[in-house]
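Undergrad: Dropping in model-v2.cif, with mmCIF, C-alpha atoms and all ligand atoms.
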```cif
data_upload
loop_
_atom_site.label_atom_id
_atom_site.label_comp_id
_atom_site.auth_asym_id
_atom_site.auth_seq_id
_atom_site.Cartn_x
_atom_site.Cartn_y
_atom_site.Cartn_z
CA MET S 1 -145.44 -38.56 -12.34
CA LYS S 2 -146.85 -37.38 -15.68
CA THR S 3 -147.64 -39.88 -18.43
CA VAL S 4 -146.63 -39.07 -22.00
CA LEU S 5 -147.92 -40.65 -25.20
CA ILE S 6 -145.41 -40.34 -28.05
CA ALA S 7 -147.20 -40.85 -31.36
CA GLY S 8 -144.41 -41.90 -33.74
CA GLY S 9 -142.26 -42.80 -30.74
CA THR S 10 -140.55 -45.68 -32.56
CA GLY S 11 -138.69 -43.32 -34.92
CA LEU S 12 -135.31 -41.61 -34.73
CA ILE S 13 -136.40 -38.72 -32.52
CA GLY S 14 -138.95 -40.74 -30.56
CA ARG S 15 -136.46 -43.40 -29.43
CA LYS S 16 -134.06 -40.81 -28.04
CA LEU S 17 -136.86 -38.72 -26.54
CA THR S 18 -138.26 -41.79 -24.77
CA SER S 19 -135.03 -42.31 -22.82
CA VAL S 20 -134.68 -38.56 -22.08
CA LEU S 21 -138.24 -38.41 -20.73
CA LYS S 22 -137.81 -41.58 -18.65
CA GLU S 23 -134.62 -40.17 -17.12
CA ARG S 24 -136.63 -37.09 -16.11
CA GLY S 25 -139.25 -39.22 -14.40
CA PHE S 26 -142.02 -39.34 -17.02
CA LYS S 27 -143.93 -42.53 -17.74
CA VAL S 28 -143.88 -43.08 -21.52
CA TYR S 29 -146.19 -44.94 -23.89
CA LYS S 30 -145.49 -45.10 -27.62
CA LEU S 31 -148.29 -45.20 -30.16
CA THR S 32 -147.32 -47.51 -33.03
CA ARG S 33 -148.74 -49.48 -35.95
CA LYS S 34 -146.32 -52.33 -35.19
CA ALA S 35 -147.42 -55.10 -32.86
CA LYS S 36 -145.54 -54.35 -29.65
CA LYS S 37 -146.22 -55.08 -26.02
CA ARG S 38 -145.23 -53.35 -22.76
CA GLY S 39 -144.89 -49.58 -23.04
CA TYR S 40 -146.61 -49.47 -26.45
CA ILE S 41 -150.13 -48.70 -27.55
CA ASN S 42 -151.17 -50.23 -30.85
CA TRP S 43 -153.23 -48.40 -33.43
CA ASN S 44 -154.06 -48.47 -37.09
CA PRO S 45 -154.85 -44.91 -38.16
CA GLU S 46 -155.91 -46.05 -41.63
CA LEU S 47 -158.54 -48.43 -40.24
CA GLN S 48 -159.16 -46.01 -37.35
CA THR S 49 -158.64 -48.67 -34.70
CA VAL S 50 -156.76 -48.43 -31.41
CA ASP S 51 -156.15 -50.38 -28.23
CA THR S 52 -157.79 -47.93 -25.81
CA LYS S 53 -156.33 -49.54 -22.68
CA ASN S 54 -153.99 -47.02 -20.96
CA LEU S 55 -155.22 -44.01 -22.96
CA GLU S 56 -157.02 -42.79 -19.83
CA ARG S 57 -153.62 -42.32 -18.13
CA ILE S 58 -152.25 -39.88 -20.73
CA ASN S 59 -151.42 -36.34 -19.57
CA ILE S 60 -149.26 -35.21 -22.47
CA ILE S 61 -149.18 -36.03 -26.20
CA ILE S 62 -146.00 -35.64 -28.24
CA ASN S 63 -146.81 -36.02 -31.93
CA LEU S 64 -143.87 -37.21 -34.07
CA LEU S 65 -145.98 -38.94 -36.75
CA GLY S 66 -145.11 -38.85 -40.40
CA ALA S 67 -143.75 -40.88 -43.32
CA ASN S 68 -140.10 -40.02 -43.99
CA ILE S 69 -139.71 -36.93 -46.18
CA ALA S 70 -136.32 -37.85 -47.68
CA GLU S 71 -136.75 -41.60 -48.14
CA LYS S 72 -138.66 -42.02 -51.41
CA LYS S 73 -139.24 -40.07 -54.64
CA TRP S 74 -141.99 -37.48 -54.41
CA THR S 75 -144.47 -39.00 -56.82
CA GLU S 76 -148.05 -37.74 -56.50
CA ALA S 77 -148.91 -40.88 -54.48
CA ARG S 78 -145.94 -40.35 -52.15
CA LYS S 79 -146.86 -36.68 -51.66
CA GLN S 80 -150.34 -37.79 -50.59
CA GLU S 81 -148.76 -40.28 -48.17
CA LEU S 82 -146.50 -37.56 -46.71
CA ILE S 83 -149.58 -35.43 -46.10
CA SER S 84 -152.00 -38.11 -44.85
CA SER S 85 -149.41 -39.73 -42.54
CA ARG S 86 -149.27 -36.39 -40.74
CA VAL S 87 -152.70 -34.83 -41.19
CA ASN S 88 -155.13 -37.79 -41.23
CA THR S 89 -153.27 -39.49 -38.37
CA THR S 90 -153.39 -36.31 -36.30
CA ILE S 91 -157.11 -35.90 -36.96
CA PHE S 92 -157.65 -39.49 -35.73
CA LEU S 93 -155.39 -38.82 -32.72
CA ARG S 94 -157.60 -35.85 -31.86
CA LYS S 95 -160.64 -38.17 -31.93
CA LEU S 96 -158.89 -40.46 -29.45
CA THR S 97 -158.75 -37.67 -26.85
CA THR S 98 -162.31 -38.60 -25.84
CA ASN S 99 -160.52 -41.50 -24.09
CA MET S 100 -157.99 -39.16 -22.42
CA PRO S 101 -159.76 -37.30 -19.61
CA LYS S 102 -156.44 -36.30 -18.00
CA LEU S 103 -154.90 -34.75 -21.11
CA GLU S 104 -153.30 -31.39 -20.29
CA TYR S 105 -150.74 -30.61 -23.03
CA TYR S 106 -149.99 -31.30 -26.71
CA ILE S 107 -146.73 -30.70 -28.54
CA SER S 108 -146.00 -31.66 -32.13
CA ALA S 109 -143.16 -31.90 -34.60
CA SER S 110 -143.41 -29.60 -37.57
CA GLY S 111 -140.91 -28.65 -40.29
CA ILE S 112 -138.59 -25.67 -40.76
CA ASN S 113 -138.94 -25.84 -44.57
CA CYS S 114 -142.12 -23.82 -44.60
CA TYR S 115 -141.08 -20.30 -45.58
CA GLY S 116 -140.42 -20.86 -49.30
CA PRO S 117 -137.11 -20.45 -51.17
CA GLU S 118 -134.10 -18.79 -49.51
CA SER S 119 -133.88 -15.02 -49.77
CA GLU S 120 -132.17 -12.31 -47.75
CA THR S 121 -135.00 -12.56 -45.18
CA VAL S 122 -134.23 -14.25 -41.87
CA HIS S 123 -137.56 -15.93 -41.18
CA ILE S 124 -139.40 -15.76 -37.88
CA GLU S 125 -142.39 -17.86 -36.87
CA THR S 126 -145.03 -15.29 -37.84
CA ASP S 127 -143.84 -15.10 -41.46
CA ASN S 128 -146.09 -16.43 -44.23
CA PHE S 129 -145.93 -20.00 -45.49
CA GLY S 130 -144.31 -20.49 -48.90
CA SER S 131 -146.30 -21.85 -51.83
CA ASP S 132 -144.07 -24.88 -52.55
CA PHE S 133 -145.04 -28.46 -51.64
CA LEU S 134 -143.14 -28.65 -48.32
CA SER S 135 -144.41 -25.29 -47.06
CA GLN S 136 -147.98 -26.25 -47.83
CA LEU S 137 -147.47 -29.66 -46.19
CA VAL S 138 -146.29 -27.93 -43.02
CA LYS S 139 -149.27 -25.57 -43.14
CA LYS S 140 -151.76 -28.47 -43.28
CA TRP S 141 -149.78 -30.41 -40.64
CA GLU S 142 -149.85 -27.47 -38.21
CA GLU S 143 -153.54 -26.85 -38.88
CA SER S 144 -154.29 -30.45 -37.84
CA SER S 145 -152.37 -29.88 -34.58
CA GLU S 146 -154.50 -26.81 -33.93
CA LEU S 147 -157.50 -29.18 -33.59
CA PHE S 148 -156.21 -29.83 -30.06
CA SER S 149 -156.23 -26.16 -29.07
CA ASP S 150 -159.83 -26.16 -27.84
CA LEU S 151 -158.78 -28.83 -25.32
CA VAL S 152 -155.24 -28.04 -24.13
CA PRO S 153 -152.27 -25.72 -24.81
CA VAL S 154 -150.65 -26.58 -28.16
CA ALA S 155 -147.01 -26.12 -29.22
CA LYS S 156 -145.39 -26.91 -32.57
CA LEU S 157 -141.65 -27.20 -33.08
CA ARG S 158 -140.54 -26.42 -36.65
CA ILE S 159 -137.68 -28.88 -36.69
CA ALA S 160 -134.57 -28.50 -38.84
CA MET S 161 -132.32 -31.37 -40.03
CA VAL S 162 -131.74 -33.54 -36.97
CA LEU S 163 -128.15 -34.65 -36.43
CA SER S 164 -127.91 -37.96 -34.59
CA LYS S 165 -125.37 -40.75 -34.49
CA ASP S 166 -128.21 -43.27 -34.57
CA GLY S 167 -129.57 -42.56 -38.06
CA GLY S 168 -131.29 -39.97 -40.21
CA ALA S 169 -129.57 -37.41 -42.44
CA PHE S 170 -126.18 -37.52 -40.71
CA GLN S 171 -125.63 -41.22 -41.41
CA LYS S 172 -126.46 -40.72 -45.10
CA ILE S 173 -124.39 -37.55 -45.57
CA LYS S 174 -121.41 -39.16 -43.82
CA LEU S 175 -121.00 -42.03 -46.33
CA PRO S 176 -119.24 -40.25 -49.25
CA PHE S 177 -117.09 -38.35 -46.75
CA LYS S 178 -115.92 -41.65 -45.30
CA LEU S 179 -114.64 -42.57 -48.76
CA GLY S 180 -112.88 -39.22 -49.09
CA LEU S 181 -115.46 -38.14 -51.69
CA GLY S 182 -117.33 -35.54 -49.65
CA ALA S 183 -118.45 -32.45 -51.53
CA ALA S 184 -120.78 -29.48 -51.23
CA PHE S 185 -124.17 -29.56 -52.95
CA GLY S 186 -125.40 -27.10 -55.59
CA SER S 187 -124.03 -23.60 -55.07
CA GLY S 188 -122.73 -24.55 -51.61
CA LYS S 189 -123.93 -21.15 -50.41
CA GLN S 190 -127.39 -22.31 -49.26
CA HIS S 191 -127.99 -22.07 -45.51
CA MET S 192 -128.76 -25.36 -43.77
CA PRO S 193 -130.44 -25.12 -40.37
CA TRP S 194 -129.61 -28.10 -38.15
CA ILE S 195 -130.14 -29.31 -34.58
CA HIS S 196 -128.43 -31.99 -32.49
CA VAL S 197 -130.96 -34.63 -31.42
CA ASP S 198 -130.05 -34.07 -27.75
CA ASP S 199 -130.94 -30.36 -28.02
CA LEU S 200 -134.19 -31.22 -29.82
CA CYS S 201 -135.19 -33.67 -27.06
CA ARG S 202 -134.33 -31.02 -24.44
CA MET S 203 -136.53 -28.61 -26.39
CA PHE S 204 -139.54 -30.97 -26.24
CA VAL S 205 -139.00 -31.39 -22.48
CA PHE S 206 -138.59 -27.59 -22.13
CA GLY S 207 -141.90 -27.14 -23.98
CA ILE S 208 -143.67 -29.52 -21.60
CA GLU S 209 -142.10 -28.16 -18.42
CA ASN S 210 -142.72 -24.52 -19.37
CA ASN S 211 -146.13 -25.06 -20.91
CA LEU S 212 -144.99 -23.43 -24.17
CA GLN S 213 -147.70 -22.50 -26.64
CA GLY S 214 -147.48 -21.57 -30.30
CA THR S 215 -144.88 -22.20 -32.98
CA TYR S 216 -141.11 -22.28 -32.51
CA ASN S 217 -138.28 -22.62 -35.03
CA ALA S 218 -136.24 -25.55 -33.68
CA PHE S 219 -132.63 -25.35 -34.81
CA SER S 220 -129.25 -24.54 -33.28
CA ALA S 221 -127.51 -22.86 -36.20
CA CYS S 222 -127.88 -22.14 -39.89
CA THR S 223 -124.65 -23.14 -41.62
CA PRO S 224 -123.83 -22.56 -45.32
CA ASN S 225 -123.63 -25.93 -47.05
CA ILE S 226 -119.97 -25.57 -48.03
CA ASP S 227 -118.94 -24.80 -44.42
CA PHE S 228 -121.06 -27.71 -43.19
CA SER S 229 -119.38 -30.09 -45.68
CA ARG S 230 -115.86 -28.80 -45.00
CA ALA S 231 -116.38 -29.15 -41.23
CA LEU S 232 -117.60 -32.74 -41.69
CA ALA S 233 -114.56 -33.68 -43.82
CA LYS S 234 -112.27 -32.15 -41.20
CA ALA S 235 -114.01 -33.90 -38.29
CA MET S 236 -113.70 -37.21 -40.17
CA LYS S 237 -110.06 -36.47 -41.01
CA ARG S 238 -110.79 -36.84 -44.73
CA PRO S 239 -109.77 -34.64 -47.69
CA PHE S 240 -112.17 -32.03 -49.06
CA PHE S 241 -111.19 -31.46 -52.66
CA MET S 242 -114.13 -32.73 -54.74
CA PRO S 243 -115.96 -30.23 -56.97
CA ARG S 244 -119.44 -29.22 -55.84
CA ILE S 245 -122.14 -31.67 -56.98
CA SER S 246 -124.39 -29.84 -59.41
CA GLU S 247 -128.10 -29.49 -58.76
CA LYS S 248 -128.76 -31.03 -62.19
CA LEU S 249 -126.95 -34.24 -61.27
CA LEU S 250 -128.60 -34.45 -57.85
CA ARG S 251 -132.00 -33.85 -59.44
CA PHE S 252 -131.41 -36.82 -61.74
CA PHE S 253 -131.17 -39.12 -58.71
CA LEU S 254 -133.53 -37.39 -56.27
CA GLY S 255 -136.16 -35.72 -58.44
CA GLU S 256 -138.08 -32.97 -56.64
CA ARG S 257 -136.46 -33.95 -53.32
CA VAL S 258 -133.29 -32.24 -54.56
CA ILE S 259 -134.49 -29.09 -52.79
CA LEU S 260 -133.77 -30.78 -49.45
CA LEU S 261 -130.07 -30.49 -50.35
CA THR S 262 -129.82 -27.51 -52.65
CA GLU S 263 -132.42 -25.04 -51.35
CA GLY S 264 -131.42 -23.23 -48.20
CA ILE S 265 -133.27 -21.12 -45.71
CA LYS S 266 -132.34 -18.43 -43.23
CA VAL S 267 -134.29 -18.62 -39.98
CA SER S 268 -134.23 -17.13 -36.51
CA ASN S 269 -134.37 -19.08 -33.23
CA GLN S 270 -134.69 -15.94 -31.12
CA LYS S 271 -138.22 -16.84 -30.03
CA ILE S 272 -137.18 -20.01 -28.17
CA LEU S 273 -134.05 -18.27 -26.80
CA ASN S 274 -136.30 -15.52 -25.42
CA GLU S 275 -138.23 -18.21 -23.52
CA GLY S 276 -134.96 -19.07 -21.74
CA PHE S 277 -133.97 -22.19 -23.71
CA THR S 278 -130.24 -22.70 -24.32
CA PHE S 279 -128.63 -24.92 -26.97
CA GLN S 280 -125.74 -27.17 -25.94
CA HIS S 281 -124.55 -27.79 -29.52
CA LYS S 282 -124.21 -24.57 -31.51
CA ASN S 283 -120.93 -25.05 -33.36
CA ILE S 284 -120.98 -27.43 -36.31
CA SER S 285 -117.35 -28.59 -35.94
CA SER S 286 -117.69 -29.55 -32.28
CA THR S 287 -121.12 -31.08 -32.98
CA PHE S 288 -119.59 -33.37 -35.64
CA LYS S 289 -116.78 -34.32 -33.24
CA HIS S 290 -119.39 -35.15 -30.60
CA LEU S 291 -121.41 -37.28 -33.05
CA LEU S 292 -118.34 -39.13 -34.31
CA LYS S 293 -117.00 -39.95 -30.84
N1 LIG G 301 -135.40 -36.41 -38.47
C1 LIG G 301 -135.37 -35.19 -38.99
O1 LIG G 301 -134.30 -34.71 -39.48
C2 LIG G 301 -136.61 -34.32 -38.98
C3 LIG G 301 -136.52 -32.99 -39.39
C4 LIG G 301 -137.66 -32.21 -39.40
C5 LIG G 301 -138.88 -32.74 -39.01
N2 LIG G 301 -138.94 -34.04 -38.61
C6 LIG G 301 -140.26 -34.59 -38.27
O2 LIG G 301 -140.26 -35.12 -36.95
C7 LIG G 301 -141.10 -36.29 -36.90
C8 LIG G 301 -140.29 -37.45 -36.36
O3 LIG G 301 -139.11 -37.59 -37.15
P1 LIG G 301 -138.22 -38.92 -37.12
O4 LIG G 301 -136.98 -38.60 -37.85
O5 LIG G 301 -138.17 -39.48 -35.75
O6 LIG G 301 -139.14 -39.84 -38.06
P2 LIG G 301 -139.06 -41.44 -38.33
O7 LIG G 301 -137.83 -42.01 -37.73
O8 LIG G 301 -139.27 -41.61 -39.80
O9 LIG G 301 -140.33 -41.97 -37.50
C9 LIG G 301 -141.62 -41.54 -37.85
C10 LIG G 301 -142.68 -42.23 -37.04
O10 LIG G 301 -143.93 -41.97 -37.66
C11 LIG G 301 -144.71 -43.15 -37.73
N3 LIG G 301 -145.29 -43.23 -39.07
C12 LIG G 301 -144.64 -43.19 -40.26
N4 LIG G 301 -145.53 -43.28 -41.27
C13 LIG G 301 -146.76 -43.41 -40.70
C14 LIG G 301 -148.08 -43.58 -41.21
N5 LIG G 301 -148.33 -43.63 -42.51
N6 LIG G 301 -149.08 -43.70 -40.32
C15 LIG G 301 -148.84 -43.66 -38.99
N7 LIG G 301 -147.63 -43.52 -38.45
C16 LIG G 301 -146.60 -43.38 -39.30
C17 LIG G 301 -143.81 -44.34 -37.45
O11 LIG G 301 -144.44 -45.10 -36.43
P3 LIG G 301 -144.74 -46.69 -36.50
O12 LIG G 301 -144.04 -47.23 -37.71
O13 LIG G 301 -144.18 -47.23 -35.21
O14 LIG G 301 -146.21 -46.78 -36.57
C18 LIG G 301 -142.50 -43.73 -36.95
O15 LIG G 301 -142.25 -44.04 -35.62
C19 LIG G 301 -141.61 -36.53 -38.33
O16 LIG G 301 -142.88 -35.96 -38.48
C20 LIG G 301 -140.60 -35.76 -39.18
O17 LIG G 301 -141.12 -35.29 -40.43
C21 LIG G 301 -137.84 -34.84 -38.59
#
```
Could you rewrite the structure in this file as structure tokens?
TA:
Amino acid sequence: MKTVLIAGGTGLIGRKLTSVLKERGFKVYKLTRKAKKRGYINWNPELQTVDTKNLERINIIINLLGANIAEKKWTEARKQELISSRVNTTIFLRKLTTNMPKLEYYISASGINCYGPESETVHIETDNFGSDFLSQLVKKWEESSELFSDLVPVAKLRIAMVLSKDGGAFQKIKLPFKLGLGAAFGSGKQHMPWIHVDDLCRMFVFGIENNLQGTYNAFSACTPNIDFSRALAKAMKRPFFMPRISEKLLRFFLGERVILLTEGIKVSNQKILNEGFTFQHKNISSTFKHLLK
């Protein structure tokens, strides 16, 4: 039985992944700043302290650390927090491997928004990083994961918007639709890559079981925003008649974060498909029906 440490295991993806891994026979510890007991390992990456008990058992690290990208306005201080909660924490996690003699694999979350603004190009993993804030954040984040590569094989999943019935983007997007006020954002033409949380968890397990190395775009499909919104209204049996919400109005409320809704990206998932991975949720309409069940 392999033992996994999920750094950031208390979050949306980590909670689901914990149960998926346990079902598959892995022993799971979660690294957290919150005071928790059985099954958790406490740390404080800012103070660089950790409860080292149980670290010696760890065979695999899954790194899901990071302050929430969408939650707060991107002030300069928040941008620093978004970076340090991924980069500085990962650097400290790398230091902790001196207490992990049995470590054999490392896999980390990364972000799909790393190729710059949408163009006609369908991006693959070897394409250049964009110059915008998110792309540069992903670059630094992935570089910190590479610190593990002198020890063990390293994989990074460039995750798209995760659709889950337990929280995250889907719960927020759903609200206006529930009131019959659902609408597309910006031009509505921007491509939105997405992945069902179940497929993402299967992808982490696939990475571990197949010893994947390198970077993989992690999404099921890339749906234009207007099709995404129309499919959601239909799945919720609500009307879809509202005019598109202009970027200007969204920017007023969200500031720089507006790009999360109005900037699209076209990406390829051929690399992970070539490894033999299959997605169970590829169609947005049936995915919404599944999430709303
Ligand atoms: N959900 C998505 O749609 C999505 C899409 C693309 C990429 N991702 C990435 O995937 C990872 C996991 O996503 P998620 O949705 O599960 O995130 P989440 O629910 O926000 O959980 C993030 C985890 O990171 C830890 N964390 C947050 N700020 C921290 C800080 N300053 N220092 C140390 N730990 C900190 C928290 O652990 P404790 O509070 O327990 O310490 C928490 O468990 C993140 O890196 C995220 O950017 C997510």
Undergrad: From (-158.1, -36.9, -31.4), in the file's coordinates, out to 12 Å: which residues are reached, counting only C-alpha atoms? Answer as number ranges by chain.
TA: S: 7, 45, 48, 50, 55, 61, 63, 87-101, 103, 106, 144-152
Undergrad: State, in Å with one decimal place, the distance from atom CA of S:Leu64 to atom CA of S:Asn283.
TA: 26.0 Å
Undergrad: Using all atoms listed in the file, which of the listed residues (S:Asn274, S:Asn225, S:Asn44, S:Ser119) sits closest to ligand LIG 301 (chain G)?
TA: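 Checking each candidate against ligand LIG 301 (chain G), we get S:Asn44 as the closest.
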Undergrad: Would you mind telling me which residue in S:Val258, S:Ile195, S:Val28, S:Leu250 lies nearest to ligand LIG 301 (chain G) when using all atoms listed in the file?
TA: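 Closest to ligand LIG 301 (chain G) of all the choices is S:Ile195.
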Undergrad: Show me which residues line ligand LIG 301 (chain G), defined as having an atom within 6 Å of a ligand atom where only C-alpha atoms and all ligand atoms count, and present them as a compact mmCIF listing (two decimals) with C-alpha atoms, keeping the file's coordinate frame.
TA:
```txt
# COMPACT_ATOMS: atom_id res chain seq x y z
CA GLY S 8 -144.41 -41.90 -33.74
CA GLY S 9 -142.26 -42.80 -30.74
CA THR S 10 -140.55 -45.68 -32.56
CA GLY S 11 -138.69 -43.32 -34.92
CA LEU S 12 -135.31 -41.61 -34.73
CA ILE S 13 -136.40 -38.72 -32.52
CA GLY S 14 -138.95 -40.74 -30.56
CA THR S 32 -147.32 -47.51 -33.03
CA ARG S 33 -148.74 -49.48 -35.95
CA LYS S 34 -146.32 -52.33 -35.19
CA LEU S 64 -143.87 -37.21 -34.07
CA LEU S 65 -145.98 -38.94 -36.75
CA GLY S 66 -145.11 -38.85 -40.40
CA ALA S 67 -143.75 -40.88 -43.32
CA ASN S 68 -140.10 -40.02 -43.99
CA SER S 85 -149.41 -39.73 -42.54
CA ALA S 109 -143.16 -31.90 -34.60
CA SER S 110 -143.41 -29.60 -37.57
CA GLY S 111 -140.91 -28.65 -40.29
CA ILE S 159 -137.68 -28.88 -36.69
CA ALA S 160 -134.57 -28.50 -38.84
CA MET S 161 -132.32 -31.37 -40.03
CA VAL S 162 -131.74 -33.54 -36.97
CA GLY S 168 -131.29 -39.97 -40.21
```
